[in-house]
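**Student:** File model-v8.cif follows (mmCIF, C-alpha atoms):
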```cif
data_model
loop_
_atom_site.group_PDB
_atom_site.id
_atom_site.type_symbol
_atom_site.label_atom_id
_atom_site.label_comp_id
_atom_site.auth_asym_id
_atom_site.auth_seq_id
_atom_site.Cartn_x
_atom_site.Cartn_y
_atom_site.Cartn_z
ATOM 1 C CA MET A 110 115.221 159.025 -18.540
ATOM 2 C CA ASP A 111 116.562 160.625 -21.674
ATOM 3 C CA ARG A 112 117.517 158.754 -24.832
ATOM 4 C CA GLY A 113 121.274 159.080 -24.268
ATOM 5 C CA SER A 114 121.277 157.432 -20.837
ATOM 6 C CA ALA A 115 118.917 154.673 -22.019
ATOM 7 C CA THR A 116 121.267 153.934 -24.913
ATOM 8 C CA ALA A 117 124.223 153.868 -22.527
ATOM 9 C CA LEU A 118 122.467 151.396 -20.233
ATOM 10 C CA ILE A 119 121.628 149.106 -23.139
ATOM 11 C CA GLY A 120 125.255 149.300 -24.219
ATOM 12 C CA ILE A 121 126.457 148.283 -20.759
ATOM 13 C CA ARG A 122 124.036 145.366 -20.603
ATOM 14 C CA THR A 123 124.959 144.081 -24.042
ATOM 15 C CA ALA A 124 128.731 144.444 -23.638
ATOM 16 C CA ASN A 125 130.490 141.101 -23.762
ATOM 17 C CA LYS A 126 132.143 140.124 -20.451
ATOM 18 C CA GLU A 127 135.308 138.090 -20.928
ATOM 19 C CA GLU A 128 135.116 136.230 -17.608
ATOM 20 C CA PHE A 129 131.596 134.972 -18.436
ATOM 21 C CA GLU A 130 132.158 134.741 -22.197
ATOM 22 C CA SER A 131 128.765 136.357 -22.692
ATOM 23 C CA SER A 132 126.862 139.573 -21.975
ATOM 24 C CA VAL A 133 124.966 140.386 -18.753
ATOM 25 C CA ALA A 134 121.679 140.501 -20.650
ATOM 26 C CA HIS A 135 122.361 137.026 -22.106
ATOM 27 C CA LEU A 136 122.984 135.686 -18.594
ATOM 28 C CA VAL A 137 119.814 137.264 -17.186
ATOM 29 C CA TYR A 138 117.345 136.771 -20.046
ATOM 30 C CA GLY A 139 118.867 133.720 -21.698
ATOM 31 C CA GLU A 140 119.159 135.439 -25.089
ATOM 32 C CA PRO A 141 120.947 138.544 -26.375
ATOM 33 C CA LEU A 142 119.175 141.903 -26.513
ATOM 34 C CA ARG A 143 118.432 143.649 -29.773
ATOM 35 C CA VAL A 144 120.821 146.561 -30.109
ATOM 36 C CA PRO A 145 119.821 149.822 -31.827
ATOM 37 C CA SER A 146 121.952 150.943 -34.732
ATOM 38 C CA ASP A 147 123.285 153.866 -32.650
ATOM 39 C CA LEU A 148 125.494 151.425 -30.743
ATOM 40 C CA LEU A 149 126.893 149.700 -33.790
ATOM 41 C CA VAL A 150 130.006 151.673 -34.646
ATOM 42 C CA PRO A 151 132.316 150.595 -37.428
ATOM 43 C CA ALA A 152 135.690 149.433 -36.121
ATOM 44 C CA THR A 153 138.429 152.037 -36.460
ATOM 45 C CA ALA A 154 142.014 151.368 -37.259
ATOM 46 C CA LYS A 155 144.199 150.612 -34.251
ATOM 47 C CA LEU A 156 146.465 153.369 -33.018
ATOM 48 C CA GLU A 157 150.142 152.836 -32.616
ATOM 49 C CA ALA A 158 151.300 152.477 -29.039
ATOM 50 C CA SER A 159 153.352 155.701 -29.062
ATOM 51 C CA THR A 160 150.420 157.748 -30.428
ATOM 52 C CA PHE A 161 148.064 156.222 -27.887
ATOM 53 C CA ILE A 162 150.465 156.999 -25.013
ATOM 54 C CA GLN A 163 150.837 160.627 -26.131
ATOM 55 C CA GLN A 164 147.067 161.091 -26.325
ATOM 56 C CA LEU A 165 146.633 159.431 -22.943
ATOM 57 C CA ARG A 166 149.256 161.694 -21.333
ATOM 58 C CA ARG A 167 147.594 164.811 -22.772
ATOM 59 C CA ARG A 168 144.218 163.695 -21.398
ATOM 60 C CA MET A 169 145.677 162.922 -17.966
ATOM 61 C CA GLU A 170 147.346 166.356 -17.799
ATOM 62 C CA GLN A 171 143.977 167.986 -18.452
ATOM 63 C CA LEU A 172 142.347 166.228 -15.502
ATOM 64 C CA ARG A 173 141.823 168.396 -12.419
ATOM 65 C CA PRO A 174 140.521 167.338 -9.000
ATOM 66 C CA ILE A 175 136.967 168.231 -8.102
ATOM 67 C CA HIS A 176 136.510 170.197 -4.890
ATOM 68 C CA THR A 177 134.454 168.228 -2.416
ATOM 69 C CA VAL A 178 132.619 169.081 0.784
ATOM 70 C CA ARG A 179 132.730 166.877 3.870
ATOM 71 C CA HIS A 180 129.239 166.678 5.335
ATOM 72 C CA ALA A 181 130.036 163.909 7.798
ATOM 73 C CA SER A 182 132.171 165.870 10.254
ATOM 74 C CA PRO A 183 130.163 168.590 11.997
ATOM 75 C CA ALA A 184 131.905 171.440 13.744
ATOM 76 C CA THR A 185 132.510 170.867 17.429
ATOM 77 C CA TYR A 186 130.574 173.122 19.765
ATOM 78 C CA SER A 187 132.735 175.057 22.195
ATOM 79 C CA TYR A 188 131.428 177.035 25.138
ATOM 80 C CA LYS A 189 132.169 180.767 25.207
ATOM 81 C CA GLU A 190 132.265 180.745 29.016
ATOM 82 C CA LEU A 191 135.006 178.104 29.100
ATOM 83 C CA GLN A 192 137.843 180.662 29.164
ATOM 84 C CA ASP A 193 136.465 182.355 32.304
ATOM 85 C CA SER A 194 135.201 179.319 34.206
ATOM 86 C CA THR A 195 136.852 178.238 37.451
ATOM 87 C CA HIS A 196 135.243 174.796 37.602
ATOM 88 C CA VAL A 197 134.332 172.356 34.817
ATOM 89 C CA PHE A 198 132.758 168.954 34.240
ATOM 90 C CA LEU A 199 134.811 166.323 32.391
ATOM 91 C CA ARG A 200 133.094 163.992 29.887
ATOM 92 C CA GLN A 201 133.853 160.324 30.490
ATOM 93 C CA ASP A 202 134.706 158.763 27.127
ATOM 94 C CA PRO A 203 134.873 155.042 27.959
ATOM 95 C CA ALA A 204 131.728 152.966 27.696
ATOM 96 C CA ARG A 205 129.331 153.693 30.524
ATOM 97 C CA ARG A 206 126.829 151.496 32.271
ATOM 98 C CA ALA A 207 123.136 152.222 31.999
ATOM 99 C CA MET A 208 121.969 155.365 33.777
ATOM 100 C CA GLU A 209 125.539 156.516 34.461
ATOM 101 C CA PRO A 210 126.044 160.264 33.869
ATOM 102 C CA PRO A 211 128.191 161.265 30.879
ATOM 103 C CA TYR A 212 130.104 163.903 32.871
ATOM 104 C CA SER A 213 132.198 163.318 35.985
ATOM 105 C CA VAL A 214 132.177 165.359 39.178
ATOM 106 C CA LEU A 215 133.258 168.990 39.448
ATOM 107 C CA HIS A 216 136.954 169.745 38.682
ATOM 108 C CA LYS A 217 138.948 172.906 39.400
ATOM 109 C CA VAL A 218 140.632 174.632 36.425
ATOM 110 C CA ARG A 219 144.339 175.470 36.880
ATOM 111 C CA ALA A 220 145.223 176.814 33.386
ATOM 112 C CA CYS A 221 143.343 177.390 30.157
ATOM 113 C CA THR A 222 144.383 177.778 26.498
ATOM 114 C CA ASP A 223 142.281 177.798 23.330
ATOM 115 C CA LYS A 224 141.968 174.020 22.977
ATOM 116 C CA ARG A 225 143.459 172.573 26.197
ATOM 117 C CA LEU A 226 142.725 172.963 29.881
ATOM 118 C CA THR A 227 144.718 171.875 32.899
ATOM 119 C CA ILE A 228 142.330 170.595 35.560
ATOM 120 C CA VAL A 229 142.710 168.816 38.887
ATOM 121 C CA VAL A 230 141.522 165.182 38.745
ATOM 122 C CA ARG A 231 141.933 163.128 41.945
ATOM 123 C CA GLY A 232 144.623 165.467 43.233
ATOM 124 C CA ARG A 233 146.707 165.456 40.008
ATOM 125 C CA GLN A 234 146.886 168.071 37.269
ATOM 126 C CA VAL A 235 145.739 166.654 33.934
ATOM 127 C CA ASN A 236 145.750 168.274 30.460
ATOM 128 C CA VAL A 237 142.404 167.753 28.746
ATOM 129 C CA SER A 238 141.022 168.770 25.347
ATOM 130 C CA ALA A 239 138.372 171.503 25.427
ATOM 131 C CA ASP A 240 136.057 169.212 23.439
ATOM 132 C CA ARG A 241 135.620 166.998 26.532
ATOM 133 C CA ILE A 242 134.882 169.884 28.899
ATOM 134 C CA LYS A 243 131.622 171.509 29.943
ATOM 135 C CA PRO A 244 131.742 174.655 32.096
ATOM 136 C CA ALA A 245 130.175 174.511 35.544
ATOM 137 C CA TYR A 246 128.172 177.448 36.781
ATOM 138 C CA VAL A 247 128.908 177.734 40.500
ATOM 139 C CA LEU A 248 126.972 180.118 42.731
ATOM 140 C CA GLU A 249 129.144 182.257 44.947
ATOM 141 C CA VAL A 250 128.411 181.824 48.653
ATOM 142 C CA THR A 251 128.422 185.068 50.616
ATOM 143 C CA GLN A 252 128.746 185.528 54.372
ATOM 144 C CA HIS A 253 125.130 186.499 55.050
ATOM 145 C CA GLU A 254 123.832 183.394 53.247
ATOM 146 C CA THR A 255 125.818 181.057 55.493
ATOM 147 C CA GLU A 256 124.578 182.576 58.754
ATOM 148 C CA GLY A 257 121.049 181.316 58.267
ATOM 149 C CA PRO A 258 117.743 183.146 58.093
ATOM 150 C CA PRO A 259 117.654 186.650 59.573
ATOM 151 C CA ALA A 260 116.510 186.837 63.159
ATOM 152 C CA GLN A 261 113.066 188.289 63.662
ATOM 153 C CA PRO A 262 112.623 190.967 66.311
ATOM 154 C CA HIS A 263 110.998 189.666 69.463
ATOM 155 C CA SER A 264 107.766 191.365 70.338
ATOM 156 C CA ASP A 265 105.547 190.889 73.360
ATOM 157 C CA THR A 266 102.477 191.515 71.244
ATOM 158 C CA ALA A 267 103.319 188.773 68.751
ATOM 159 C CA LYS A 268 100.464 186.361 68.374
ATOM 160 C CA PRO A 269 100.861 182.793 67.299
ATOM 161 C CA VAL A 270 99.884 182.299 63.696
ATOM 162 C CA THR A 271 97.112 179.811 63.203
ATOM 163 C CA THR A 272 96.270 178.516 59.834
ATOM 164 C CA THR A 273 93.017 176.939 59.050
ATOM 165 C CA ARG A 274 93.319 174.219 56.541
ATOM 166 C CA PRO A 275 90.390 173.908 54.264
ATOM 167 C CA GLN A 276 88.904 170.466 54.286
ATOM 168 C CA GLN A 277 87.747 169.202 51.001
ATOM 169 C CA THR A 278 85.608 166.266 50.174
ATOM 170 C CA ALA A 279 86.298 163.953 47.277
ATOM 171 C CA ARG A 280 83.517 162.746 44.995
ATOM 172 C CA SER A 281 83.410 159.488 46.904
ATOM 173 C CA GLY A 282 82.672 161.359 50.157
ATOM 174 C CA ARG A 283 86.104 160.962 51.780
ATOM 175 C CA THR A 284 87.607 163.947 53.561
ATOM 176 C CA VAL A 285 90.893 165.061 51.964
ATOM 177 C CA ARG A 286 93.566 166.694 54.156
ATOM 178 C CA PHE A 287 96.453 168.434 52.431
ATOM 179 C CA PRO A 288 99.926 168.794 54.004
ATOM 180 C CA ALA A 289 100.810 172.246 55.362
ATOM 181 C CA ARG A 290 103.306 172.961 52.587
ATOM 182 C CA PHE A 291 100.554 172.700 49.978
ATOM 183 C CA THR A 292 97.996 174.882 51.747
ATOM 184 C CA SER A 293 100.029 178.052 52.246
#
```
I'd like the structure from this file rewritten - as structure tokens, please.
**Tutor:**
Amino acid sequence: MDRGSATALIGIRTANKEEFESSVAHLVYGEPLRVPSDLLVPATAKLEASTFIQQLRRRMEQLRPIHTVRHASPATYSYKELQDSTHVFLRQDPARRAMEPPYSVLHKVRACTDKRLTIVVRGRQVNVSADRIKPAYVLEVTQHETEGPPAQPHSDTAKPVTTTRPQQTARSGRTVRFPARFTS
């Protein structure tokens, strides 16, 4: 701490408070602090009210606001794919119970602007802010995927496939049998 700030702190502590009729240091320590001679300034003559008001106005005109930065409000993330998406998830803002998902079921998009989307919720069209929306990535179903697995050609020479499952023994001597899905 430099000398100037230490002197300022001593000055604040030794200043006489009218509501207490004593200084803060006198209230805390029970006796006044010794003040360095730097703080003892001879009293100057009082200014007239009109002169004081003029000086005060000049000082106030010289004051300029300081530019500040707001660190508390982060920028909202918006999805790039939101403009092209056909289906979205809607965030549920009211308080949720434990283990309840934050986003509701899949909703179809009817119209889309920069900050608002019109989606279908329970059969009605609702305008929703883009901040509450998360795009859904839906796989397109093609015809050949819905028919099932491709049919294998029937052959008279086809032999049944037999798989031999390896039997393993645990350290305790028990025989371990694995399910078929783990042995292939």
**Student:** Let me know the residues the PyMOL selection byres ((chain A and resi 238) around 10) catches in the file above, as a list in words.
**Tutor:**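 For this structure, the PyMOL selection byres ((chain A and resi 238) around 10) resolves to Leu199, Thr222, Asp223, Lys224, Arg225, Leu226, Thr227, Asn236, Val237, Ala239, Asp240, Arg241 and Ile242 of chain A.
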**Student:** Which residues are near region 131-147 of chain A? Cut-off 10 Å, all atoms listed in the file, ignore same chain within fewer than 2 positions. Put them as a PDB file with C-alpha atoms, in the coordinates of the input.
**Tutor:**
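Written file, out_11.pdb:
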```
ATOM      1  CA  THR A 116     121.267 153.934 -24.913  1.00  0.00           C
ATOM      2  CA  ILE A 119     121.628 149.106 -23.139  1.00  0.00           C
ATOM      3  CA  GLY A 120     125.255 149.300 -24.219  1.00  0.00           C
ATOM      4  CA  ILE A 121     126.457 148.283 -20.759  1.00  0.00           C
ATOM      5  CA  ARG A 122     124.036 145.366 -20.603  1.00  0.00           C
ATOM      6  CA  THR A 123     124.959 144.081 -24.042  1.00  0.00           C
ATOM      7  CA  ALA A 124     128.731 144.444 -23.638  1.00  0.00           C
ATOM      8  CA  ASN A 125     130.490 141.101 -23.762  1.00  0.00           C
ATOM      9  CA  LYS A 126     132.143 140.124 -20.451  1.00  0.00           C
ATOM     10  CA  GLU A 127     135.308 138.090 -20.928  1.00  0.00           C
ATOM     11  CA  GLU A 128     135.116 136.230 -17.608  1.00  0.00           C
ATOM     12  CA  PHE A 129     131.596 134.972 -18.436  1.00  0.00           C
ATOM     13  CA  LEU A 149     126.893 149.700 -33.790  1.00  0.00           C
ATOM     14  CA  VAL A 150     130.006 151.673 -34.646  1.00  0.00           C
TER      15      VAL A 150
END
```
**Student:** Grab the CA of Thr177 (chain A) to CA of Leu165 (chain A) distance for me, in Å with one decimal place.
**Tutor:** 25.4 Å
**Student:** Taking 5 positions as the minimum chain separation for residues in the same chain, which residues sit within 12 Å of Val247 (chain A) when counting all atoms listed in the file? Answer as a list in words.
**Tutor:**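 Here the answer would be Ser194, Thr195, His196, Val197, Phe198, Leu215, His216 and Lys217 of chain A.
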**Student:** As an exercise, work out the distance from CA of Ser159 (chain A) to CA of Arg173 (chain A) in Å and give it to one decimal place.
**Tutor:**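 Computing the Euclidean distance for CA of Ser159 (chain A) and CA of Arg173 (chain A) yields 23.9 Å.
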**Student:** To one decimal place, how far is CA of Lys243 (chain A) from CA of Val229 (chain A) in Å?
**Tutor:** 14.5 Å
**Student:** Just need the box for region 196-211 of chain A, edges along x, y and z, holding every atom the file lists for it with 8 Å tacked onto each side, so centre and edge lengths in Å to one decimal, as AutoDock Vina command-line options.
**Tutor:**
```
--center_x 128.6 --center_y 163.1 --center_z 32.4 --size_x 29.3 --size_y 39.3 --size_z 26.5
```
**Student:** Would you please work out which residue, of A:Arg283, A:Lys155, A:Arg231, A:Arg219, is nearest to Asp193 (chain A) when using all atoms listed in the file?
**Tutor:** A:Arg219
**Student:** Using all atoms listed in the file, which residue out of A:Gln164, A:Met208, A:Pro244, A:Ser281 lies closest to Lys189 (chain A)?
**Tutor:**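 Of all the options, A:Pro244 lies closest to Lys189 (chain A).
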**Student:** Between A:Glu170, A:Leu191, A:Arg206, A:Thr278, which one has atoms that come closest to Tyr246 (chain A), using all atoms listed in the file?
**Tutor:** A:Leu191
**Student:** Could you complete region 130-146 of chain A so that it carries N, CA and C atoms, and give it back as a tab-separated table (two decimals), in the frame of the given file?
**Tutor:**
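Final output, out.tsv:
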```
chain	number	residue	atom	x	y	z
A	130	GLU	N	132.23	135.04	-20.77
A	130	GLU	CA	132.16	134.74	-22.20
A	130	GLU	C	130.76	134.96	-22.74
A	131	SER	N	130.08	135.98	-22.20
A	131	SER	CA	128.76	136.36	-22.69
A	131	SER	C	128.41	137.71	-22.09
A	132	SER	N	127.29	138.28	-22.50
A	132	SER	CA	126.86	139.57	-21.98
A	132	SER	C	125.99	139.37	-20.74
A	133	VAL	N	125.80	140.46	-19.95
A	133	VAL	CA	124.97	140.39	-18.75
A	133	VAL	C	123.52	140.10	-19.15
A	134	ALA	N	123.05	140.73	-20.20
A	134	ALA	CA	121.68	140.50	-20.65
A	134	ALA	C	121.47	139.05	-21.06
A	135	HIS	N	122.47	138.44	-21.70
A	135	HIS	CA	122.36	137.03	-22.11
A	135	HIS	C	122.30	136.13	-20.88
A	136	LEU	N	123.03	136.48	-19.82
A	136	LEU	CA	122.98	135.69	-18.59
A	136	LEU	C	121.64	135.82	-17.89
A	137	VAL	N	121.07	137.03	-17.90
A	137	VAL	CA	119.81	137.26	-17.19
A	137	VAL	C	118.61	136.74	-17.96
A	138	TYR	N	118.53	137.11	-19.25
A	138	TYR	CA	117.34	136.77	-20.05
A	138	TYR	C	117.48	135.48	-20.84
A	139	GLY	N	118.68	134.96	-20.95
A	139	GLY	CA	118.87	133.72	-21.70
A	139	GLY	C	119.05	133.93	-23.19
A	140	GLU	N	118.94	135.13	-23.68
A	140	GLU	CA	119.16	135.44	-25.09
A	140	GLU	C	119.67	136.87	-25.20
A	141	PRO	N	120.40	137.19	-26.26
A	141	PRO	CA	120.95	138.54	-26.38
A	141	PRO	C	119.86	139.57	-26.65
A	142	LEU	N	120.10	140.81	-26.24
A	142	LEU	CA	119.18	141.90	-26.51
A	142	LEU	C	119.37	142.41	-27.93
A	143	ARG	N	118.29	142.98	-28.49
A	143	ARG	CA	118.43	143.65	-29.77
A	143	ARG	C	119.06	145.01	-29.53
A	144	VAL	N	120.06	145.34	-30.30
A	144	VAL	CA	120.82	146.56	-30.11
A	144	VAL	C	120.42	147.56	-31.19
A	145	PRO	N	120.12	148.82	-30.81
A	145	PRO	CA	119.82	149.82	-31.83
A	145	PRO	C	121.06	150.15	-32.65
A	146	SER	N	120.83	150.67	-33.82
A	146	SER	CA	121.95	150.94	-34.73
A	146	SER	C	122.88	152.04	-34.19
```
